[in-house]
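Colleague: Shown below is the structure under consideration.
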Amino acid sequence: MPTYFSNVGGLPPQTQTLSSKAVFKTAYAVIPKTVMSDIVTSVLPHWEATRAWIISRPLSGFAETFAQYIMEVAPGGGSVRPEPDSRAQAAIFVVEGEGVITCLGEEHPLRAGSFAYIPAGMAWTFRNDGPSAVRFHWVRKKFKVVEGLEPPPPVFTHEDDCVLHPMPDTDGKWATTRFIDPGDVRYDMHLNIVTFEPGAIIPFMETHIMEHGLYVLEGKAVYRLNEDWVEVEAGDYMWLRAYCPQACYAGGPGRFRYLLYKDVNRHPDL
């Protein structure tokens, strides 16, 4: 049964020690769950009864291609004007509660494990009619238009309805849930779930053009980030710059799963 970490907020006690694995470097950053407190939230225009933890944003020396939010919408909250930038596409993944996205005149109920992709320039709304808060990840990225290529359509699905694709020669111990067809070049971003069974590894130092945002949904592991090994667990977030070497060892005792953003299917800007 999938689990999705969603316990953000609160404030540490005055007795809390100040040591932390939080780090900001030129090649990567680690934002652990322990620093995602109430005092680092943002409120956003045209969102009612809502707060956001903005864990990535375009910034010199940090994320270049995307912004990623953890959104918390209280009962009765939501927005009829959620996106201020017509160039921005949205990828949403729900980790707790229920909500509704309305897009192209159709309502799409969401629950934990639901995924939504909304193309740039397409109007949408979000509301929470339920009795409890809904929490979801919202990735915003400026869409890179390609002449002669039609824009991508919206996607609404759930993890339960998606196939878990094992990586070659891993006996299924390392696998990916893909919400968007990786062969469809109309899309210039993906938001996937990567799953490692206990003992599974990334068996080489991945070094590639894709920028990453990784939010740990379940379990714990040690992750190689450039020259460092960092222990991460559910609720921690990692940003990896393009070409930052990475590897992973998921020692257990349970599964290790994270939500993975990457930019894809486009030439680099020159």
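Naming scheme: A, B, ... for chains in displayed order of the structure tokens; residues 1 onward per chain; ligands 1 onward as shown.
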Taking only C-alpha atoms into account, produce a table as CSV in which each residue of segment 88-159 of chain A with an atom at most 8 Å from an atom of segment 4-10 of chain A appears once, together with its shortest atom pair and the distance in Å to one decimal, ordered by chain and rising number.

Modeller:
residue,atom,partner,partner_atom,distance
A:Val95,CA,A:Tyr4,CA,5.2
A:Glu96,CA,A:Ser6,CA,6.4
A:Ala112,CA,A:Tyr4,CA,7.6
A:Gly113,CA,A:Tyr4,CA,7.8
A:Arg135,CA,A:Ser6,CA,6.9

Colleague: With all heavy atoms retained, export the selected residues as a short mmCIF file (atom, residue, chain, number, x, y, z; two decimals), in the first residue's frame.

Modeller:
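Below you can see part_23.cif, which holds the result:
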data_model
loop_
_atom_site.label_atom_id
_atom_site.label_comp_id
_atom_site.auth_asym_id
_atom_site.auth_seq_id
_atom_site.Cartn_x
_atom_site.Cartn_y
_atom_site.Cartn_z
N VAL A 95 -0.57 14.27 -1.78
CA VAL A 95 -0.03 13.38 -0.76
C VAL A 95 -0.99 13.18 0.42
O VAL A 95 -0.80 12.24 1.20
CB VAL A 95 1.33 13.88 -0.23
CG1 VAL A 95 2.38 13.79 -1.33
CG2 VAL A 95 1.25 15.31 0.31
N GLU A 96 -2.00 14.02 0.55
CA GLU A 96 -2.95 13.86 1.66
C GLU A 96 -4.24 14.61 1.34
O GLU A 96 -4.20 15.70 0.76
CB GLU A 96 -2.36 14.41 2.96
CG GLU A 96 -3.28 14.26 4.18
CD GLU A 96 -2.69 14.86 5.44
OE1 GLU A 96 -1.51 15.25 5.43
OE2 GLU A 96 -3.43 14.96 6.44
N ALA A 112 -5.08 11.27 -2.31
CA ALA A 112 -3.67 10.91 -2.16
C ALA A 112 -3.28 9.91 -3.24
O ALA A 112 -3.93 8.89 -3.43
CB ALA A 112 -3.42 10.32 -0.78
N GLY A 113 -2.21 10.25 -3.97
CA GLY A 113 -1.76 9.43 -5.08
C GLY A 113 -2.21 9.92 -6.44
O GLY A 113 -1.78 9.38 -7.47
N ARG A 135 -3.05 18.33 0.96
CA ARG A 135 -1.65 18.72 0.72
C ARG A 135 -1.19 18.09 -0.60
O ARG A 135 -1.46 16.92 -0.86
CB ARG A 135 -0.75 18.27 1.86
CG ARG A 135 -1.04 18.97 3.19
CD ARG A 135 0.00 18.63 4.25
NE ARG A 135 -0.24 19.38 5.48
CZ ARG A 135 -0.90 18.88 6.53
NH1 ARG A 135 -1.34 17.64 6.50
NH2 ARG A 135 -1.08 19.61 7.61
#

Colleague: Which residues are close to segment 143-159 of chain A, i.e. within 7 Å by only C-alpha atoms, leaving aside same-chain residues fewer than 6 positions away? Reply as a PyMOL selection string.

Modeller: chain A and resi 87-89+113-120+186-188

Colleague: Please write the residues from the selection above to a file, keeping N, CA and C atoms, as an mmCIF file, in the first residue's frame.

Modeller:
data_model
loop_
_atom_site.group_PDB
_atom_site.id
_atom_site.type_symbol
_atom_site.label_atom_id
_atom_site.label_comp_id
_atom_site.auth_asym_id
_atom_site.auth_seq_id
_atom_site.Cartn_x
_atom_site.Cartn_y
_atom_site.Cartn_z
ATOM 1 N N ARG A 87 2.751 31.374 -19.214
ATOM 2 C CA ARG A 87 3.809 30.535 -19.793
ATOM 3 C C ARG A 87 4.048 29.274 -18.976
ATOM 4 N N ALA A 88 3.471 29.196 -17.780
ATOM 5 C CA ALA A 88 3.791 28.126 -16.831
ATOM 6 C C ALA A 88 2.834 26.945 -16.972
ATOM 7 N N GLN A 89 3.417 25.761 -17.058
ATOM 8 C CA GLN A 89 2.665 24.516 -16.968
ATOM 9 C C GLN A 89 2.702 24.041 -15.520
ATOM 10 N N GLY A 113 -2.214 10.249 -3.973
ATOM 11 C CA GLY A 113 -1.764 9.426 -5.081
ATOM 12 C C GLY A 113 -2.206 9.922 -6.444
ATOM 13 N N SER A 114 -3.055 10.973 -6.477
ATOM 14 C CA SER A 114 -3.514 11.522 -7.757
ATOM 15 C C SER A 114 -2.449 12.415 -8.375
ATOM 16 N N PHE A 115 -2.400 12.389 -9.708
ATOM 17 C CA PHE A 115 -1.482 13.222 -10.485
ATOM 18 C C PHE A 115 -2.283 14.017 -11.497
ATOM 19 N N ALA A 116 -1.880 15.279 -11.693
ATOM 20 C CA ALA A 116 -2.492 16.126 -12.715
ATOM 21 C C ALA A 116 -1.402 16.902 -13.433
ATOM 22 N N TYR A 117 -1.526 16.981 -14.754
ATOM 23 C CA TYR A 117 -0.670 17.849 -15.556
ATOM 24 C C TYR A 117 -1.570 18.817 -16.318
ATOM 25 N N ILE A 118 -1.263 20.112 -16.212
ATOM 26 C CA ILE A 118 -2.060 21.148 -16.859
ATOM 27 C C ILE A 118 -1.142 21.964 -17.756
ATOM 28 N N PRO A 119 -1.403 21.995 -19.065
ATOM 29 C CA PRO A 119 -0.519 22.703 -19.989
ATOM 30 C C PRO A 119 -0.486 24.205 -19.730
ATOM 31 N N ALA A 120 0.576 24.820 -20.197
ATOM 32 C CA ALA A 120 0.720 26.270 -20.076
ATOM 33 C C ALA A 120 -0.419 26.971 -20.813
ATOM 34 N N ARG A 186 6.102 16.029 -26.866
ATOM 35 C CA ARG A 186 5.349 17.265 -26.641
ATOM 36 C C ARG A 186 5.558 17.798 -25.224
ATOM 37 N N TYR A 187 5.858 16.914 -24.288
ATOM 38 C CA TYR A 187 6.076 17.302 -22.895
ATOM 39 C C TYR A 187 7.556 17.614 -22.678
ATOM 40 N N ASP A 188 7.834 18.674 -21.938
ATOM 41 C CA ASP A 188 9.236 19.041 -21.666
ATOM 42 C C ASP A 188 9.597 18.893 -20.197
#

Colleague: Nearest residue to Lys25 of chain A out of A:Ala67, A:Leu240, A:Met122, A:Ala247, using only C-alpha atoms?

Modeller: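 Closest residue, counting only C-alpha atoms: A:Leu240.
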
Colleague: Show which residues sit within 9 Å of Leu214 of chain A, as a list in words. Count only C-alpha atoms, and ignore same-chain residues fewer than 5 positions away.

Modeller: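 Within the cut-off, the hits are Asp236, Tyr237, Met238, Trp239, Leu240, Tyr258, Leu259, Leu260 and Tyr261 of chain A.
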
Colleague: I'd like the contact shell of Leu110 of chain A - 7 Å cut-off, only C-alpha atoms, skipping same-chain residues fewer than 6 positions apart - returned as a PyMOL selection string.

Modeller: chain A and resi 98-100
